[in-house]
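S.K.: Hey, dropping coords19.csv in here, CSV, C-alpha atoms (C1' of nucleotides):
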chain,number,residue,atom,x,y,z
A,1,MET,CA,-32.5,-2.9,-0.7
A,2,SER,CA,-33.4,0.4,-2.5
A,3,ALA,CA,-30.3,-0.3,-4.7
A,4,LYS,CA,-31.7,-3.7,-5.5
A,5,THR,CA,-35.1,-2.2,-6.4
A,6,ALA,CA,-33.5,0.4,-8.6
A,7,ALA,CA,-31.5,-2.4,-10.3
A,8,ALA,CA,-34.6,-4.4,-10.9
A,9,ALA,CA,-36.3,-1.3,-12.4
A,10,GLY,CA,-33.3,-0.9,-14.8
A,11,LEU,CA,-32.5,2.5,-13.4
A,12,THR,CA,-28.9,1.9,-12.4
A,13,GLU,CA,-26.2,3.6,-14.4
A,14,ARG,CA,-22.9,2.0,-13.3
A,15,PRO,CA,-20.2,4.8,-13.7
A,16,ALA,CA,-16.6,3.6,-13.8
A,17,ALA,CA,-15.8,4.5,-10.2
A,18,PRO,CA,-18.6,5.9,-8.1
A,19,ALA,CA,-16.8,5.2,-4.8
A,20,ALA,CA,-19.2,7.3,-2.8
A,21,ALA,CA,-18.7,7.0,0.9
A,22,PRO,CA,-20.7,3.9,2.0
A,23,ALA,CA,-23.6,4.6,4.2
A,24,GLN,CA,-23.1,1.5,6.3
A,25,PRO,CA,-20.3,-1.0,6.7
A,26,ILE,CA,-21.1,-4.3,5.1
A,27,TRP,CA,-20.6,-6.3,8.3
A,28,ASP,CA,-21.7,-9.7,7.1
A,29,ILE,CA,-19.1,-9.9,4.3
A,30,ILE,CA,-16.4,-8.4,6.5
A,31,GLU,CA,-16.9,-11.0,9.2
A,32,LEU,CA,-17.6,-13.9,6.9
A,33,LEU,CA,-14.3,-13.3,5.1
A,34,PHE,CA,-12.6,-13.4,8.5
A,35,PHE,CA,-14.0,-16.7,9.5
A,36,ALA,CA,-13.8,-18.3,6.0
A,37,TYR,CA,-10.2,-17.4,5.6
A,38,ARG,CA,-9.4,-18.6,9.1
A,39,ASP,CA,-10.8,-22.0,8.4
A,40,PHE,CA,-9.4,-22.1,5.0
A,41,VAL,CA,-5.8,-21.7,6.2
A,42,GLY,CA,-6.5,-23.8,9.3
A,43,ASP,CA,-6.6,-27.1,7.5
A,44,PRO,CA,-3.0,-26.8,6.2
A,45,ASP,CA,-1.8,-25.4,9.5
A,46,GLU,CA,-2.4,-28.7,11.2
A,47,VAL,CA,-0.3,-30.7,8.8
A,48,LEU,CA,2.4,-28.1,8.7
A,49,SER,CA,2.8,-28.0,12.5
A,50,LYS,CA,3.7,-31.7,12.5
A,51,LEU,CA,6.6,-30.8,10.3
A,52,ALA,CA,7.6,-27.8,12.4
A,53,PHE,CA,6.6,-25.6,9.5
A,54,GLY,CA,4.4,-22.6,9.5
A,55,ARG,CA,2.4,-20.6,7.1
A,56,ALA,CA,5.5,-18.9,5.8
A,57,HIS,CA,6.8,-22.2,4.6
A,58,HIS,CA,3.5,-23.0,3.1
A,59,ARG,CA,3.4,-19.8,1.1
A,60,VAL,CA,6.9,-20.3,-0.3
A,61,LEU,CA,6.3,-24.0,-1.1
A,62,HIS,CA,3.0,-23.1,-2.8
A,63,PHE,CA,4.3,-20.5,-5.1
A,64,VAL,CA,7.5,-22.4,-6.0
A,65,ASN,CA,5.4,-25.4,-6.8
A,66,ARG,CA,3.1,-23.4,-8.9
A,67,ASN,CA,5.9,-21.5,-10.7
A,68,PRO,CA,8.8,-23.8,-11.1
A,69,GLY,CA,12.0,-22.0,-12.0
A,70,MET,CA,10.9,-18.7,-10.5
A,71,LYS,CA,13.5,-16.2,-9.4
A,72,VAL,CA,14.0,-15.3,-5.8
A,73,ALA,CA,13.1,-11.7,-6.7
A,74,ASP,CA,9.8,-12.8,-8.1
A,75,LEU,CA,8.9,-14.7,-5.0
A,76,LEU,CA,9.8,-11.7,-2.8
A,77,GLU,CA,7.5,-9.5,-4.9
A,78,ILE,CA,4.6,-11.9,-4.6
A,79,LEU,CA,5.0,-12.5,-0.9
A,80,ASN,CA,5.8,-8.9,-0.2
A,81,ILE,CA,8.3,-9.6,2.5
A,82,THR,CA,12.0,-8.9,2.8
A,83,LYS,CA,14.7,-11.2,1.6
A,84,GLN,CA,15.9,-11.7,5.1
A,85,SER,CA,12.5,-13.1,6.1
A,86,LEU,CA,12.3,-15.2,3.0
A,87,GLY,CA,15.8,-16.4,3.6
A,88,ARG,CA,15.0,-18.0,6.9
A,89,VAL,CA,12.2,-20.2,5.7
A,90,LEU,CA,13.6,-20.9,2.3
A,91,LYS,CA,16.8,-22.2,3.9
A,92,GLN,CA,14.9,-24.6,6.0
A,93,LEU,CA,12.9,-25.8,3.0
A,94,VAL,CA,16.1,-26.3,1.0
A,95,ASP,CA,18.0,-28.0,3.9
A,96,GLN,CA,15.1,-30.4,4.4
A,97,GLY,CA,14.9,-31.3,0.7
A,98,PHE,CA,11.6,-29.7,-0.2
A,99,VAL,CA,13.1,-27.0,-2.5
A,100,VAL,CA,16.2,-26.8,-4.7
A,101,GLN,CA,17.9,-23.9,-6.2
A,102,LYS,CA,19.6,-24.0,-9.6
A,103,GLU,CA,21.9,-21.5,-11.2
A,104,GLY,CA,20.2,-19.5,-13.9
A,105,ALA,CA,21.2,-20.5,-17.5
A,106,GLN,CA,21.4,-17.1,-19.0
A,107,ASP,CA,22.0,-15.1,-15.8
A,108,ARG,CA,24.2,-17.1,-13.5
A,109,ARG,CA,23.6,-14.8,-10.6
A,110,GLN,CA,20.0,-16.0,-10.3
A,111,ARG,CA,19.1,-19.0,-8.1
A,112,LEU,CA,16.0,-20.4,-9.8
A,113,LEU,CA,13.6,-22.2,-7.4
A,114,PHE,CA,12.1,-25.6,-7.9
A,115,VAL,CA,10.3,-28.1,-5.7
A,116,THR,CA,11.7,-31.5,-5.3
A,117,PRO,CA,9.3,-34.5,-5.6
A,118,LYS,CA,9.1,-34.4,-1.8
A,119,GLY,CA,8.2,-30.8,-2.0
A,120,GLU,CA,5.6,-31.3,-4.7
A,121,ALA,CA,4.0,-34.0,-2.6
A,122,LEU,CA,3.7,-31.7,0.4
A,123,ALA,CA,2.4,-28.8,-1.7
A,124,LEU,CA,-0.2,-31.1,-3.3
A,125,LYS,CA,-1.2,-32.5,0.1
A,126,LEU,CA,-1.9,-29.1,1.4
A,127,ALA,CA,-3.7,-27.9,-1.7
A,128,VAL,CA,-5.9,-31.0,-1.7
A,129,LEU,CA,-7.0,-30.2,1.9
A,130,GLN,CA,-8.0,-26.7,0.8
A,131,THR,CA,-9.6,-28.0,-2.4
A,132,GLU,CA,-11.7,-30.4,-0.4
A,133,ARG,CA,-13.2,-27.4,1.5
A,134,ILE,CA,-13.7,-25.5,-1.7
A,135,THR,CA,-15.3,-28.5,-3.4
A,136,ARG,CA,-17.6,-29.1,-0.4
A,137,ALA,CA,-18.7,-25.5,-0.6
A,138,PHE,CA,-19.3,-25.5,-4.3
A,139,SER,CA,-21.3,-28.7,-4.1
A,140,GLU,CA,-23.6,-27.1,-1.5
A,141,LEU,CA,-24.0,-24.1,-3.7
A,142,GLY,CA,-24.8,-25.7,-7.0
A,143,PRO,CA,-23.6,-25.0,-10.5
A,144,GLY,CA,-22.1,-21.6,-11.2
A,145,ALA,CA,-20.6,-21.3,-7.8
A,146,HIS,CA,-17.0,-21.6,-9.0
A,147,GLU,CA,-17.4,-18.9,-11.5
A,148,ALA,CA,-19.2,-16.7,-9.0
A,149,ALA,CA,-16.5,-17.2,-6.4
A,150,ARG,CA,-13.8,-16.5,-9.0
A,151,ARG,CA,-15.4,-13.3,-10.0
A,152,PHE,CA,-16.0,-12.1,-6.5
A,153,LEU,CA,-12.5,-12.8,-5.3
A,154,THR,CA,-11.0,-11.3,-8.4
A,155,ALA,CA,-13.0,-8.1,-7.9
A,156,MET,CA,-11.7,-7.9,-4.3
A,157,ILE,CA,-8.1,-7.6,-5.5
A,158,ASP,CA,-6.4,-4.2,-5.9
A,159,SER,CA,-7.2,-3.2,-9.5
A,160,ASP,CA,-3.6,-2.5,-10.3
A,161,ASN,CA,-2.5,-6.0,-9.2
A,162,ARG,CA,-5.5,-7.8,-10.6
A,163,GLU,CA,-4.1,-8.3,-14.1
A,164,GLY,CA,-0.8,-9.5,-12.8
A,165,VAL,CA,-2.4,-11.9,-10.5
A,166,LEU,CA,-4.6,-13.4,-13.2
A,167,ARG,CA,-1.7,-13.6,-15.6
A,168,GLN,CA,0.3,-15.3,-12.9
A,169,ILE,CA,-2.4,-17.9,-12.3
A,170,ALA,CA,-2.9,-18.6,-16.0
A,171,ARG,CA,0.9,-18.9,-16.5
A,172,ALA,CA,1.2,-21.3,-13.5
A,173,ASP,CA,-1.7,-23.4,-14.8
A,174,HIS,CA,0.2,-23.7,-18.0
A,175,ALA,CA,3.5,-24.5,-16.4
A,176,LYS,CA,2.0,-27.3,-14.3
A,177,ALA,CA,-0.1,-28.7,-17.1
A,178,ARG,CA,3.0,-29.6,-19.1
A,179,SER,CA,4.4,-31.5,-16.2
B,1,MET,CA,-16.8,-30.2,-16.6
B,2,SER,CA,-18.4,-33.6,-16.7
B,3,ALA,CA,-20.0,-32.7,-13.4
B,4,LYS,CA,-21.5,-29.6,-15.1
B,5,THR,CA,-22.8,-31.7,-18.0
B,6,ALA,CA,-24.3,-34.2,-15.6
B,7,ALA,CA,-25.9,-31.4,-13.6
B,8,ALA,CA,-27.4,-30.0,-16.8
B,9,ALA,CA,-28.8,-33.4,-17.6
B,10,GLY,CA,-30.3,-33.5,-14.2
B,11,LEU,CA,-28.4,-36.6,-13.3
B,12,THR,CA,-26.7,-35.4,-10.1
B,13,GLU,CA,-27.8,-36.7,-6.8
B,14,ARG,CA,-26.1,-34.5,-4.2
B,15,PRO,CA,-25.6,-36.8,-1.2
B,16,ALA,CA,-25.0,-35.1,2.2
B,17,ALA,CA,-21.2,-35.5,2.2
B,18,PRO,CA,-19.6,-37.0,-0.9
B,19,ALA,CA,-16.1,-35.7,-0.1
B,20,ALA,CA,-14.4,-37.9,-2.7
B,21,ALA,CA,-10.7,-37.1,-3.1
B,22,PRO,CA,-10.6,-34.2,-5.6
B,23,ALA,CA,-8.9,-35.0,-8.8
B,24,GLN,CA,-7.1,-31.7,-9.1
B,25,PRO,CA,-6.5,-28.8,-6.8
B,26,ILE,CA,-8.6,-25.8,-7.5
B,27,TRP,CA,-5.7,-23.5,-7.9
B,28,ASP,CA,-7.5,-20.4,-9.0
B,29,ILE,CA,-9.7,-20.1,-5.9
B,30,ILE,CA,-6.8,-21.0,-3.6
B,31,GLU,CA,-4.7,-18.2,-5.0
B,32,LEU,CA,-7.4,-15.7,-5.4
B,33,LEU,CA,-8.4,-16.1,-1.8
B,34,PHE,CA,-4.8,-15.5,-0.8
B,35,PHE,CA,-4.5,-12.3,-2.8
B,36,ALA,CA,-8.0,-11.0,-2.1
B,37,TYR,CA,-7.6,-11.5,1.6
B,38,ARG,CA,-4.1,-9.8,1.5
B,39,ASP,CA,-5.6,-6.7,0.0
B,40,PHE,CA,-8.7,-6.8,2.1
B,41,VAL,CA,-6.7,-6.6,5.3
B,42,GLY,CA,-4.1,-4.4,3.8
B,43,ASP,CA,-6.3,-1.3,3.8
B,44,PRO,CA,-6.8,-1.2,7.6
B,45,ASP,CA,-3.1,-2.1,8.2
B,46,GLU,CA,-2.0,1.2,6.9
B,47,VAL,CA,-4.3,3.2,9.2
B,48,LEU,CA,-3.4,1.0,12.1
B,49,SER,CA,0.3,1.3,11.7
B,50,LYS,CA,0.1,5.0,12.2
B,51,LEU,CA,-1.4,4.4,15.6
B,52,ALA,CA,1.2,1.7,16.4
B,53,PHE,CA,-1.5,-0.9,16.3
B,54,GLY,CA,-1.5,-4.2,14.4
B,55,ARG,CA,-4.1,-6.7,13.2
B,56,ALA,CA,-4.5,-8.1,16.6
B,57,HIS,CA,-5.8,-4.7,17.8
B,58,HIS,CA,-8.1,-4.5,14.8
B,59,ARG,CA,-9.6,-7.9,15.5
B,60,VAL,CA,-10.3,-7.0,19.2
B,61,LEU,CA,-11.7,-3.6,18.4
B,62,HIS,CA,-13.8,-5.0,15.6
B,63,PHE,CA,-15.5,-7.7,17.7
B,64,VAL,CA,-16.0,-5.5,20.8
B,65,ASN,CA,-17.5,-2.9,18.6
B,66,ARG,CA,-19.8,-5.4,17.1
B,67,ASN,CA,-20.7,-7.1,20.3
B,68,PRO,CA,-20.9,-4.4,23.0
B,69,GLY,CA,-20.9,-5.9,26.5
B,70,MET,CA,-19.3,-9.2,25.4
B,71,LYS,CA,-17.3,-11.2,28.0
B,72,VAL,CA,-13.6,-11.6,27.8
B,73,ALA,CA,-14.2,-15.4,27.5
B,74,ASP,CA,-16.4,-14.9,24.4
B,75,LEU,CA,-13.8,-12.8,22.7
B,76,LEU,CA,-11.1,-15.4,23.5
B,77,GLU,CA,-13.3,-18.1,21.9
B,78,ILE,CA,-13.9,-16.0,18.7
B,79,LEU,CA,-10.3,-15.1,18.3
B,80,ASN,CA,-9.1,-18.5,19.3
B,81,ILE,CA,-6.0,-17.1,21.1
B,82,THR,CA,-4.8,-17.4,24.7
B,83,LYS,CA,-5.8,-14.9,27.3
B,84,GLN,CA,-2.2,-13.8,27.6
B,85,SER,CA,-2.1,-12.9,24.0
B,86,LEU,CA,-5.4,-11.1,24.2
B,87,GLY,CA,-4.3,-9.4,27.4
B,88,ARG,CA,-1.4,-7.6,25.8
B,89,VAL,CA,-3.4,-5.9,23.0
B,90,LEU,CA,-6.5,-5.4,25.1
B,91,LYS,CA,-4.5,-3.6,27.7
B,92,GLN,CA,-3.2,-1.2,25.1
B,93,LEU,CA,-6.6,-0.5,23.8
B,94,VAL,CA,-7.9,0.1,27.2
B,95,ASP,CA,-5.0,2.3,28.3
B,96,GLN,CA,-5.4,4.4,25.2
B,97,GLY,CA,-9.1,4.8,25.6
B,98,PHE,CA,-10.5,2.8,22.8
B,99,VAL,CA,-12.1,0.1,25.0
B,100,VAL,CA,-13.5,0.1,28.5
B,101,GLN,CA,-14.3,-2.8,30.8
B,102,LYS,CA,-17.3,-2.8,33.1
B,103,GLU,CA,-18.1,-5.1,35.9
B,104,GLY,CA,-20.9,-7.6,35.0
B,105,ALA,CA,-24.2,-6.8,36.7
B,106,GLN,CA,-25.2,-10.4,37.6
B,107,ASP,CA,-21.8,-11.9,37.7
B,108,ARG,CA,-19.3,-9.4,39.1
B,109,ARG,CA,-16.3,-11.5,38.1
B,110,GLN,CA,-16.9,-10.6,34.5
B,111,ARG,CA,-15.3,-7.7,32.8
B,112,LEU,CA,-17.7,-6.8,30.0
B,113,LEU,CA,-16.1,-5.1,27.1
B,114,PHE,CA,-17.4,-1.9,25.3
B,115,VAL,CA,-15.8,0.5,22.8
B,116,THR,CA,-15.6,4.1,23.7
B,117,PRO,CA,-16.8,6.7,21.2
B,118,LYS,CA,-13.1,7.0,20.2
B,119,GLY,CA,-13.0,3.2,19.8
B,120,GLU,CA,-16.2,3.2,17.8
B,121,ALA,CA,-14.9,5.9,15.5
B,122,LEU,CA,-11.7,3.9,14.7
B,123,ALA,CA,-13.6,0.6,14.3
B,124,LEU,CA,-16.0,2.4,11.9
B,125,LYS,CA,-13.1,4.0,10.0
B,126,LEU,CA,-11.5,0.6,9.4
B,127,ALA,CA,-14.8,-1.0,8.5
B,128,VAL,CA,-15.5,1.7,6.0
B,129,LEU,CA,-12.2,1.1,4.3
B,130,GLN,CA,-13.0,-2.5,3.8
B,131,THR,CA,-16.6,-1.7,2.8
B,132,GLU,CA,-15.3,0.5,0.1
B,133,ARG,CA,-13.4,-2.4,-1.4
B,134,ILE,CA,-16.4,-4.7,-1.1
B,135,THR,CA,-18.8,-2.1,-2.6
B,136,ARG,CA,-16.4,-1.5,-5.5
B,137,ALA,CA,-16.3,-5.2,-6.1
B,138,PHE,CA,-20.1,-5.6,-5.9
B,139,SER,CA,-20.6,-2.7,-8.2
B,140,GLU,CA,-18.4,-4.3,-10.8
B,141,LEU,CA,-20.3,-7.6,-10.5
B,142,GLY,CA,-23.8,-6.4,-10.7
B,143,PRO,CA,-26.9,-7.4,-8.7
B,144,GLY,CA,-26.9,-10.6,-6.8
B,145,ALA,CA,-23.2,-10.3,-6.0
B,146,HIS,CA,-23.7,-9.6,-2.3
B,147,GLU,CA,-25.9,-12.6,-1.9
B,148,ALA,CA,-23.5,-14.8,-3.9
B,149,ALA,CA,-20.5,-13.7,-1.9
B,150,ARG,CA,-22.3,-14.3,1.3
B,151,ARG,CA,-23.3,-17.8,0.3
B,152,PHE,CA,-19.9,-18.7,-0.9
B,153,LEU,CA,-18.1,-17.4,2.2
B,154,THR,CA,-20.6,-19.1,4.5
B,155,ALA,CA,-20.1,-22.4,2.8
B,156,MET,CA,-16.4,-22.1,3.3
B,157,ILE,CA,-16.7,-22.0,7.0
B,158,ASP,CA,-16.4,-25.2,9.1
B,159,SER,CA,-19.9,-26.6,9.2
B,160,ASP,CA,-19.8,-27.0,12.9
B,161,ASN,CA,-19.0,-23.3,13.4
B,162,ARG,CA,-21.2,-22.0,10.7
B,163,GLU,CA,-24.4,-21.7,12.6
B,164,GLY,CA,-22.6,-20.0,15.5
B,165,VAL,CA,-21.0,-17.5,13.2
B,166,LEU,CA,-24.3,-16.7,11.4
B,167,ARG,CA,-26.0,-16.3,14.8
B,168,GLN,CA,-23.2,-14.1,16.0
B,169,ILE,CA,-23.5,-11.9,12.9
B,170,ALA,CA,-27.3,-11.6,13.2
B,171,ARG,CA,-27.1,-10.9,16.9
B,172,ALA,CA,-24.4,-8.2,16.3
B,173,ASP,CA,-26.5,-6.6,13.6
B,174,HIS,CA,-29.3,-6.4,16.1
B,175,ALA,CA,-27.1,-5.0,18.9
B,176,LYS,CA,-25.8,-2.2,16.7
B,177,ALA,CA,-29.1,-1.5,15.1
B,178,ARG,CA,-30.5,-0.4,18.4
B,179,SER,CA,-27.6,2.1,19.1
C,1,DA,C1',37.7,-1.1,-15.1
C,2,DA,C1',33.5,0.6,-12.9
C,3,DA,C1',28.8,0.3,-11.8
C,4,DA,C1',24.7,-2.1,-11.3
C,5,DT,C1',22.2,-6.3,-10.2
C,6,DA,C1',20.8,-10.9,-7.8
C,7,DT,C1',21.4,-13.0,-4.0
C,8,DG,C1',23.0,-14.2,0.7
C,9,DT,C1',24.2,-13.2,5.5
C,10,DC,C1',24.9,-11.1,10.2
C,11,DA,C1',22.9,-8.6,13.9
C,12,DA,C1',19.3,-6.5,16.3
C,13,DC,C1',14.7,-5.6,17.1
C,14,DA,C1',9.2,-5.7,17.2
C,15,DT,C1',4.8,-8.1,17.1
C,16,DG,C1',1.9,-11.4,18.4
C,17,DG,C1',1.4,-16.1,19.0
C,18,DC,C1',2.5,-19.9,22.8
C,19,DT,C1',3.2,-22.5,27.6
C,20,DG,C1',3.3,-22.7,32.6
C,21,DA,C1',2.7,-20.9,37.0
C,22,DC,C1',0.4,-18.2,40.1
C,23,DA,C1',-3.0,-14.5,42.2
C,24,DT,C1',-7.6,-12.5,43.1
C,25,DA,C1',-12.3,-12.0,43.5
C,26,DA,C1',-16.7,-13.7,43.1
C,27,DA,C1',-20.0,-17.4,42.5
C,28,DT,C1',-21.3,-22.0,43.5
C,29,DA,C1',-21.3,-26.3,45.9
C,30,DT,C1',-20.9,-29.1,49.9
D,1,DA,C1',-19.3,-21.6,56.7
D,2,DT,C1',-16.0,-23.5,54.2
D,3,DA,C1',-14.3,-25.4,50.0
D,4,DT,C1',-14.2,-25.5,45.3
D,5,DT,C1',-14.8,-23.7,40.8
D,6,DT,C1',-15.0,-20.0,37.6
D,7,DA,C1',-13.6,-15.4,35.3
D,8,DT,C1',-10.0,-12.8,34.8
D,9,DG,C1',-5.3,-10.9,35.2
D,10,DT,C1',-0.4,-11.1,35.3
D,11,DC,C1',4.6,-12.5,35.3
D,12,DA,C1',8.2,-14.7,32.8
D,13,DG,C1',10.1,-16.7,29.0
D,14,DC,C1',10.0,-19.0,24.4
D,15,DC,C1',9.1,-19.2,19.3
D,16,DA,C1',7.8,-17.7,14.5
D,17,DT,C1',8.0,-14.4,11.4
D,18,DG,C1',8.0,-9.9,10.2
D,19,DT,C1',11.2,-5.5,10.1
D,20,DT,C1',15.8,-2.3,9.2
D,21,DG,C1',20.6,-1.6,8.2
D,22,DA,C1',25.0,-3.0,6.9
D,23,DC,C1',27.9,-5.6,4.2
D,24,DA,C1',29.8,-9.7,1.1
D,25,DT,C1',30.0,-12.2,-3.4
D,26,DA,C1',29.4,-13.3,-7.9
D,27,DT,C1',27.9,-11.9,-12.2
D,28,DT,C1',26.3,-8.9,-15.7
D,29,DT,C1',26.1,-4.5,-17.8
D,30,DT,C1',28.0,-0.1,-19.0
Could you quickly redo this structure as structure tokens?

M.R.:
Amino acid sequence: MSAKTAAAAGLTERPAAPAAAPAQPIWDIIELLFFAYRDFVGDPDEVLSKLAFGRAHHRVLHFVNRNPGMKVADLLEILNITKQSLGRVLKQLVDQGFVVQKEGAQDRRQRLLFVTPKGEALALKLAVLQTERITRAFSELGPGAHEAARRFLTAMIDSDNREGVLRQIARADHAKARS
Amino acid sequence: MSAKTAAAAGLTERPAAPAAAPAQPIWDIIELLFFAYRDFVGDPDEVLSKLAFGRAHHRVLHFVNRNPGMKVADLLEILNITKQSLGRVLKQLVDQGFVVQKEGAQDRRQRLLFVTPKGEALALKLAVLQTERITRAFSELGPGAHEAARRFLTAMIDSDNREGVLRQIARADHAKARS
DNA sequence: AAAATATGTCAACATGGCTGACATAAATAT
DNA sequence: ATATTTATGTCAGCCATGTTGACATATTTT
């Protein structure tokens, strides 16, 4: 609260990276993040379990849907798992017709990833579930909530990844917009 | 954006639960949550792996630290896992002296859970890591960021759990404050 | 022709979920 | 006083999804 008082008095200089050891853990945000994320991923989990899919399938489907034509290597980097782990779930998604792989045009070693219509429908269904929760939250919070949430979440990302993540989101928006 | 315009014109009624099907997925928040949460839990993961512990241990240690004297049943409900799953990690935490169990005073069937000084130190170390990230974020965002984040995250929790979560956080704050 | 790259695959293992069955001690109900 | 319910623990085994290491194939680059 003394920080808030100081801010109100206009006494805060905000140096680039103060990073002093925090006096007290910020328990409320730590715990709220845990519960919010749990519920956030819980909605899709129910749908996925009926298809005998798990979160791993969801993540793959999500990013392939958002980045049509992405390389396997790109997906590995985003998910930060090994190719063996990816291989298992990707194979199931391909075998069951949610994802297809196409030979790269310039580089024929690449297997570019695309969702099928069936895959897109599932990805959308899951995203809509999560969007309903987000929309509900924003509607409780009033205008400016979306911007505030975006800024908060962005600031929580590792600063060295941040730009890349934002670029990726912008690029994906673009890619889906023209479809 | 028409919603925003309508809001500015003061034309929005905000009925209790509109929940109309959303036109478009809110991709930015969906993805930012994914990346923010990944980094948020990533910090502790590094420390834990050196102790041959995982996220499961972290969750148990966290909640026991925050709720000293809690019953096993309470922990199971918060974590939403089976007692067999809990048993495995809890046993390791007890065997290695991070957690102790004491017979309940009134009900001697209960095994009330407490962190040891060693356990508290680890819990604190992990919480400080996460707090550093949160503090860094808040300091980039300026005053009001904490309150905005709290409101957003709270609104993202299932409405039927929300009260319980907030009560739990408040109760835990109290419990730790007197220690 | 040789080396590097993109991808796939086999085998084995670890973690942390799960179910089902059963055991024990203590509290509660009849 | 006995029977039942409750809180907890435990054994055994299965599943999903992460890991490492080794190796295969096709293609591009040097």

S.K.: Which residues are close to Leu126 of chain B, i.e. within 8 Å by only C-alpha atoms (C1' of nucleotides), leaving aside same-chain residues fewer than 5 positions away? Reply as a PyMOL selection string.

M.R.: chain B and resi 43-44+47

S.K.: Excluding DT19 of chain D and any residue of its chain fewer than 4 positions from it, enumerate the residues within 9 Å of it, using all atoms listed in the file, and give them as number ranges by chain.

M.R.: A: 82, 85; C: 13-14

S.K.: Taking all atoms listed in the file into account and nothing else, which residues of chain C lie no more than 10 Å away from chain B? Please answer as a PDB file with C-alpha atoms (C1' of nucleotides), in the frame of the given file.

M.R.:
ATOM      1  C1'  DT C  15       4.800  -8.100  17.100  1.00  0.00           C
ATOM      2  C1'  DG C  16       1.900 -11.400  18.400  1.00  0.00           C
ATOM      3  C1'  DG C  17       1.400 -16.100  19.000  1.00  0.00           C
ATOM      4  C1'  DC C  18       2.500 -19.900  22.800  1.00  0.00           C
ATOM      5  C1'  DT C  19       3.200 -22.500  27.600  1.00  0.00           C
ATOM      6  C1'  DA C  25     -12.300 -12.000  43.500  1.00  0.00           C
ATOM      7  C1'  DA C  26     -16.700 -13.700  43.100  1.00  0.00           C
ATOM      8  C1'  DA C  27     -20.000 -17.400  42.500  1.00  0.00           C
TER       9       DA C  27
END

S.K.: List as a ChimeraX atom specification the protein and nucleic acid residues near segment 28-30 of chain C, meaning an atom at most 8 Å away when all atoms listed in the file are counted, but skip any in the same chain fewer than 2 places from it.

M.R.: /D:3-5

S.K.: Using all C-alpha atoms matched in sequence order, least-squares fit chain A onto chain B and give the RMSD rounded to one decimal in Å.

M.R.: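 Between these identical-sequence chains, the C-alpha RMSD is 0.3 Å.
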
S.K.: Find the residue from B:Leu129, B:Ala155, B:Ala175, B:Leu122 that sits nearest to chain A; use all atoms listed in the file when measuring.

M.R.: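 Looking at the shortest contact to chain A, the residue is B:Ala155.
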
S.K.: Just how far from atom CA of Val165 of chain A is atom CA of Glu31 of chain B, in Å to one decimal?

M.R.: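 Value for the atom CA of Glu31 of chain B-atom CA of Val165 of chain A distance: 8.7 Å.
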
S.K.: I need the residue nearest chain A from this list: D:DA24, D:DA16, D:DC11, D:DT30. Use only C-alpha atoms (C1' of nucleotides) for the distance.

M.R.: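 Looking at the shortest contact to chain A, the residue is D:DA16.
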
S.K.: Under the rule that only C-alpha atoms (C1' of nucleotides) are counted, which of A:Val72, A:Ile30, A:Asn65, A:Lys83 is the nearest residue to chain D?

M.R.: A:Lys83

S.K.: Compute the chain D side of the contact with chain B at 12 Å, counting all atoms listed in the file, and hand it back as a PyMOL selection string.

M.R.: chain D and resi 6-12+18

S.K.: Dump C-alpha atoms (C1' of nucleotides) for the selected residues as a tab-separated table (two decimals), in the coordinates of the input?

M.R.:
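This went into result_22.tsv:
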chain	number	residue	atom	x	y	z
D	6	DT	C1'	-15.00	-20.00	37.60
D	7	DA	C1'	-13.60	-15.40	35.30
D	8	DT	C1'	-10.00	-12.80	34.80
D	9	DG	C1'	-5.30	-10.90	35.20
D	10	DT	C1'	-0.40	-11.10	35.30
D	11	DC	C1'	4.60	-12.50	35.30
D	12	DA	C1'	8.20	-14.70	32.80
D	18	DG	C1'	8.00	-9.90	10.20

S.K.: Restricting the calculation to only C-alpha atoms: of B:Leu61, B:Ala145, B:Ala121, B:Leu75, which residue gets closest to chain A?

M.R.: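 Closest to chain A of all the choices is B:Ala145.
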
S.K.: Which is closer to chain A than all the others in B:Thr154, B:Gln168, B:Ser159, B:Asn67, using all atoms listed in the file?

M.R.: B:Thr154
